[in-house]
Every structure is written in C-alpha cells, then in structure tokens.
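*Asks:* Pasting protein-v5.tsv here (TSV, C-alpha atoms):
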chain	number	residue	atom	x	y	z
A	1	MET	CA	-17.41	0.20	54.48
A	2	PRO	CA	-13.75	-0.82	54.81
A	3	ARG	CA	-11.32	1.98	55.56
A	4	ASP	CA	-9.17	1.58	52.39
A	5	LYS	CA	-12.29	1.73	50.20
A	6	ALA	CA	-13.29	4.98	51.84
A	7	LEU	CA	-9.81	6.34	51.16
A	8	CYS	CA	-10.03	5.21	47.55
A	9	MET	CA	-13.37	6.96	47.08
A	10	SER	CA	-12.15	10.09	48.84
A	11	GLN	CA	-9.46	10.62	46.20
A	12	TYR	CA	-12.24	11.77	43.83
A	13	ALA	CA	-13.42	14.53	46.17
A	14	GLY	CA	-12.59	18.13	45.33
A	15	LYS	CA	-11.20	19.75	42.19
A	16	GLU	CA	-8.19	17.42	41.91
A	17	GLY	CA	-10.49	14.43	42.20
A	18	LYS	CA	-12.72	15.67	39.40
A	19	ASP	CA	-9.68	16.20	37.16
A	20	LEU	CA	-8.45	12.70	38.00
A	21	MET	CA	-11.91	11.31	37.22
A	22	LYS	CA	-11.99	13.11	33.83
A	23	GLN	CA	-8.55	11.71	32.97
A	24	THR	CA	-9.63	8.22	33.95
A	25	VAL	CA	-12.81	8.44	31.89
A	26	LEU	CA	-10.91	9.80	28.86
A	27	LYS	CA	-8.25	7.08	29.07
A	28	THR	CA	-10.88	4.37	29.46
A	29	THR	CA	-12.92	5.72	26.54
A	30	ALA	CA	-9.83	5.90	24.32
A	31	ALA	CA	-8.84	2.35	25.27
A	32	VAL	CA	-12.33	0.98	24.57
A	33	LEU	CA	-12.58	2.79	21.21
A	34	GLY	CA	-9.08	1.67	20.21
A	35	ALA	CA	-9.76	-1.94	21.17
A	36	GLY	CA	-13.09	-1.87	19.32
A	37	LEU	CA	-11.46	-0.47	16.19
A	38	VAL	CA	-8.66	-3.05	16.24
A	39	SER	CA	-11.20	-5.80	16.81
A	40	TYR	CA	-13.36	-4.54	13.93
A	41	LEU	CA	-10.43	-4.19	11.50
A	42	GLY	CA	-8.91	-7.53	12.50
A	43	THR	CA	-6.05	-8.43	10.17
A	44	LEU	CA	-6.08	-4.97	8.62
A	45	ALA	CA	-5.47	-3.18	11.94
A	46	VAL	CA	-1.67	-3.30	12.01
A	47	PRO	CA	-1.16	-2.32	8.34
A	48	MET	CA	-3.70	0.50	8.76
A	49	LEU	CA	-1.90	1.81	11.84
A	50	MET	CA	1.38	1.55	9.93
A	51	LEU	CA	-0.16	3.47	7.01
A	52	LEU	CA	-1.47	6.17	9.35
A	53	GLY	CA	1.95	6.52	10.97
A	54	VAL	CA	3.75	6.71	7.62
A	55	MET	CA	1.17	9.22	6.31
A	56	LEU	CA	1.82	11.39	9.36
A	57	LEU	CA	5.58	11.17	8.77
A	58	ASP	CA	5.09	12.07	5.11
A	59	TYR	CA	2.95	15.08	6.01
A	60	ILE	CA	5.45	16.31	8.61
A	61	THR	CA	8.48	15.85	6.34
A	62	GLY	CA	6.58	17.51	3.48
A	63	MET	CA	5.80	20.51	5.66
A	64	ILE	CA	9.43	20.73	6.77
A	65	LYS	CA	10.56	20.56	3.13
A	66	ALA	CA	8.09	23.31	2.17
A	67	TYR	CA	9.26	25.45	5.11
A	68	ILE	CA	12.93	25.07	4.18
A	69	ARG	CA	12.19	25.95	0.55
A	70	ALA	CA	10.00	28.87	1.65
A	71	GLU	CA	7.04	27.28	-0.17
A	72	LEU	CA	4.85	26.80	2.88
A	73	ASN	CA	1.24	27.34	1.82
A	74	SER	CA	-1.97	26.47	3.66
A	75	LYS	CA	-3.66	25.41	0.40
A	76	PHE	CA	-0.98	22.79	-0.20
A	77	GLY	CA	-1.24	21.65	3.41
A	78	ILE	CA	-5.00	21.20	3.18
A	79	LYS	CA	-4.60	19.50	-0.19
A	80	GLY	CA	-2.15	17.05	1.42
A	81	ILE	CA	-4.56	16.29	4.26
A	82	LEU	CA	-7.45	15.75	1.83
A	83	LYS	CA	-5.27	13.48	-0.29
A	84	LYS	CA	-4.47	11.37	2.76
A	85	LEU	CA	-8.15	11.19	3.70
A	86	CYS	CA	-8.82	9.92	0.19
A	87	TYR	CA	-6.23	7.21	0.82
A	88	MET	CA	-8.38	6.03	3.70
A	89	VAL	CA	-11.37	6.00	1.34
A	90	MET	CA	-9.34	3.81	-1.05
A	91	VAL	CA	-8.62	1.34	1.76
A	92	ALA	CA	-12.32	1.34	2.67
A	93	VAL	CA	-13.24	0.62	-0.96
A	94	GLY	CA	-10.75	-2.26	-1.02
A	95	ALA	CA	-12.22	-3.65	2.21
A	96	ALA	CA	-15.75	-3.25	0.80
A	97	VAL	CA	-14.77	-5.19	-2.33
A	98	ASP	CA	-13.38	-7.92	-0.06
A	99	TYR	CA	-16.62	-8.00	1.91
A	100	LEU	CA	-18.78	-8.21	-1.21
A	101	LEU	CA	-16.64	-10.86	-2.90
A	102	ARG	CA	-16.47	-12.91	0.28
A	103	GLY	CA	-20.26	-12.80	0.60
A	104	ALA	CA	-20.70	-13.81	-3.04
A	105	VAL	CA	-18.22	-16.67	-2.75
A	106	ILE	CA	-19.78	-17.95	0.46
A	107	GLY	CA	-23.21	-17.62	-1.16
A	108	ALA	CA	-21.94	-19.81	-3.99
A	109	GLY	CA	-20.96	-22.45	-1.45
A	110	ILE	CA	-17.21	-21.97	-1.78
A	111	THR	CA	-15.09	-21.81	1.35
A	112	LEU	CA	-12.63	-18.95	1.34
A	113	ASP	CA	-10.01	-18.40	4.01
A	114	VAL	CA	-8.86	-14.96	2.83
A	115	LYS	CA	-10.81	-12.12	4.45
A	116	LEU	CA	-9.19	-8.86	3.42
A	117	PHE	CA	-7.09	-9.36	0.28
A	118	PHE	CA	-7.92	-6.14	-1.62
A	119	GLY	CA	-8.01	-4.00	1.52
A	120	MET	CA	-4.59	-5.33	2.49
A	121	LEU	CA	-3.23	-4.88	-1.04
A	122	VAL	CA	-4.34	-1.24	-1.18
A	123	THR	CA	-2.98	-0.58	2.32
A	124	VAL	CA	0.44	-2.07	1.55
A	125	TRP	CA	0.64	-0.24	-1.81
A	126	LEU	CA	-0.19	3.10	-0.20
A	127	THR	CA	2.31	2.46	2.60
A	128	ILE	CA	5.08	1.82	0.05
A	129	ASN	CA	4.18	5.03	-1.82
A	130	GLU	CA	4.19	7.02	1.41
A	131	LEU	CA	7.57	5.57	2.39
A	132	ILE	CA	8.99	6.60	-0.99
A	133	SER	CA	7.57	10.09	-0.46
A	134	VAL	CA	9.13	10.30	3.02
A	135	MET	CA	12.52	9.30	1.57
A	136	GLU	CA	12.16	11.93	-1.18
A	137	ASN	CA	11.22	14.60	1.35
A	138	LEU	CA	14.18	13.70	3.55
A	139	ALA	CA	16.51	13.87	0.56
A	140	ALA	CA	15.11	17.30	-0.39
A	141	ILE	CA	15.59	18.49	3.20
A	142	GLY	CA	19.22	17.40	3.03
A	143	VAL	CA	19.11	14.39	5.34
A	144	PRO	CA	21.61	11.78	4.16
A	145	GLY	CA	19.66	8.66	3.27
A	146	PHE	CA	20.21	5.03	2.66
A	147	PRO	CA	20.79	4.76	-1.10
A	148	ARG	CA	20.11	1.02	-1.16
A	149	LEU	CA	16.72	1.44	0.58
A	150	GLN	CA	15.80	4.27	-1.76
A	151	ARG	CA	16.73	2.12	-4.80
A	152	ILE	CA	14.62	-0.76	-3.51
A	153	LEU	CA	11.60	1.48	-2.93
A	154	LYS	CA	11.95	3.08	-6.37
A	155	ARG	CA	12.33	-0.34	-7.99
A	156	LEU	CA	9.10	-1.42	-6.27
A	157	ARG	CA	7.35	1.68	-7.60
A	158	ARG	CA	8.70	1.11	-11.16
A	159	THR	CA	7.73	-2.56	-11.10
A	160	VAL	CA	4.18	-1.77	-10.11
A	161	ALA	CA	3.98	1.11	-12.61
A	162	ASP	CA	5.29	-1.17	-15.40
A	163	ASP	CA	2.76	-3.84	-14.47
A	164	GLU	CA	-0.04	-1.27	-14.51
A	165	SER	CA	1.00	0.17	-17.89
A	166	GLY	CA	1.40	-3.35	-19.32
A	167	ALA	CA	-2.08	-4.26	-18.11
A	168	SER	CA	-3.55	-1.11	-19.67
A	169	ASP	CA	-1.67	-1.80	-22.95
A	170	GLU	CA	-3.17	-5.28	-23.09
A	171	LYS	CA	-6.67	-3.82	-22.70
A	172	LYS	CA	-6.10	-1.45	-25.64
A	173	GLU	CA	-5.19	-4.32	-28.02
Take the structure in the file and write it out as structure tokens.

*Replies:*
Amino acid sequence: MPRDKALCMSQYAGKEGKDLMKQTVLKTTAAVLGAGLVSYLGTLAVPMLMLLGVMLLDYITGMIKAYIRAELNSKFGIKGILKKLCYMVMVAVGAAVDYLLRGAVIGAGITLDVKLFFGMLVTVWLTINELISVMENLAAIGVPGFPRLQRILKRLRRTVADDESGASDEKKE
C-alpha cells in the first residue's frame, strides 16, 4: 500500500477520526438527499426553495412581531407552522393535478411541453402572499420599508382577489 494512502486511512483512527467520519457521512447523505430532491422536483425546485425560505422569514418576523407586542403564544406558533405545512400540501395538490392532467393529455395523444403549471402557479402565489406577510410584519416591528414594493405587492394581492371574486360572481349568475 502506498505511504500516502496509509496516511489517508490513518486519519480515521481514534475518536477524532470517528467524528470526522460521521461528519463526512452526514454531509454526503445530505448532499445526496438534496440532489435527489432537486432532481425529482425539476422545474419546481427553485420556486419551492424560495417558498421555503420566504416561509421561514415570515415565521421569524411573525415571532419577532409577537414578542415585541407581548403576544407571544405557543398555540399561535404551532398554528403558524401547521399553516405553512398546509401550504406544502397545496403545492403537492397542484403538482398532482399537473401530473394527472399531463397523463390524460398524453393518453389522448396530445403533446404537451408544460410539466408543472398548477404546481408552479400555487408556489408563486404562496410566495407572493408570504412576501406580503413579511413586509407587514416588518412594518409592525417598526422597520422602515420600501413603500413602492409594498404597494406593488398589495396591488398584486388585490388583483388576484378581484379576479377570484369576479370568477365566483360569474358562477352565481
């Protein structure tokens, strides 16, 4: 066995070596799981990661706002976490609808280039809502914001809300 290989293997001897081995295995496992998830999600990976990041920011800023207002309550915290888990369920439902529609369209002999339309739509919509919530939390905390950005986000929310109420009004007629 070459000398440098023996040195390389000897670094795993002893307690420090076992700790190094555990770290290496954990990092490798995390990398493989992360790569597998990104590969599985495909186009939806980046928006999903963005949504997760914005949800985390919303949760943190909401907790800070509750702390400052002396309204910190574990029930509200758990409710917030459950709400965000339900957001992930909504994205999964959107992706499932995409999967089913794509299978039906392909079964009908129609070629379709779009893979994740509804999953992407739900993800982007939830991300916008979370960004609005982060801006509202920051304003309540007292952080000076960007009024133009806040107006744009609120206009987006109103536009979608108006479209939804108009669609429901049409169904009633």

*Asks:* Quick one: pull the distance between CA of Ala35 (chain A) and CA of Leu101 (chain A), Å, one decimal.

*Replies:*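 Rounded to one decimal, the two atoms are 26.6 Å apart.
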
*Asks:* Padding 6 Å on every side, please: axis-aligned box over the listed atoms of region 61-76 of chain A, centre and edge lengths to one decimal in Å, as AutoDock Vina command-line options.

*Replies:*
--center_x 4.6 --center_y 22.4 --center_z 3.3 --size_x 28.6 --size_y 25.0 --size_z 19.0

*Asks:* Which one of A:Gly119, A:Pro47, A:Gly94, A:Gly142 sits closest to Ile64 (chain A) if you count all atoms listed in the file?

*Replies:*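 Using all atoms listed in the file, the shortest distance to Ile64 (chain A) belongs to A:Gly142.
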
*Asks:* List the spatial neighbours of region 144-150 of chain A as an MDAnalysis selection string - criterion: any atom at most 10 Å away, only C-alpha atoms, same-chain residues fewer than 6 positions off excluded.

*Replies:* chainID A and resid 131:132 135:136 138 156

*Asks:* Report as a PyMOL selection string all protein, DNA and RNA residues lying within 8 Å of Lys115 (chain A), evaluated on all atoms listed in the file, omitting residues in the same chain fewer than 5 positions from it.

*Replies:* chain A and resi 98-99+102

*Asks:* Let's have the selection written as a tab-separated table (two decimals), in the coordinates of the input, with C-alpha atoms.

*Replies:*
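Once everything was written out, this is selection-v7.tsv:
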chain	number	residue	atom	x	y	z
A	98	ASP	CA	-13.38	-7.92	-0.06
A	99	TYR	CA	-16.62	-8.00	1.91
A	102	ARG	CA	-16.47	-12.91	0.28

*Asks:* Looking at A:Val89, A:Leu121, A:Leu100, A:Lys84, which one is nearest to Gly53 (chain A), with distances taken over only C-alpha atoms?

*Replies:* A:Lys84

*Asks:* Please measure the separation of CA of Val25 (chain A) and CA of Leu44 (chain A), giving the value in Å to one decimal.

*Replies:*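 That distance, rounded to one decimal, is 27.7 Å.
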
*Asks:* Could you jot down the CA of Val105 (chain A) to CA of Phe118 (chain A) separation for me, Å, one decimal place?

*Replies:*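 Value for the CA of Val105 (chain A)-CA of Phe118 (chain A) distance: 14.8 Å.
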
*Asks:* Considering all atoms listed in the file, return as a PyMOL selection string whatever protein or nucleic-acid residues lie within 12 Å of Leu82 (chain A), sequence-local ones (same chain, fewer than 6 positions apart) excluded.

*Replies:* chain A and resi 55+59+75-76+88-89

*Asks:* Please list, as a list in words, the residues that have an atom at most 7 Å away from (-9.1, -0.7, 1.3) in the coordinates of this file, counting only C-alpha atoms.

*Replies:*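 Final list of nearby residues, as requested, is Met90, Val91, Ala92, Val93, Gly94, Ala95, Phe118, Gly119, Met120, Val122 and Thr123 of chain A.
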
*Asks:* Smallest atom-to-atom distance to Phe117 (chain A): which of A:Asp162, A:Gly62, A:Arg69, A:Ala96, using only C-alpha atoms?

*Replies:*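 The shortest atom-to-atom distance to Phe117 (chain A) comes from A:Ala96.
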
*Asks:* Identify which of the residues A:Leu57, A:Leu85, A:Leu116, A:Met63 lies closest to Ala45 (chain A), counting only C-alpha atoms when measuring atom-to-atom distances.

*Replies:*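 Nearest candidate to Ala45 (chain A) out of A:Leu57, A:Leu85, A:Leu116, A:Met63: A:Leu116.
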
*Asks:* Using all atoms listed in the file, find the one residue out of A:Ile81, A:Leu26, A:Ile141, A:Ala31 that sits nearest to Ile68 (chain A).

*Replies:* A:Ile141
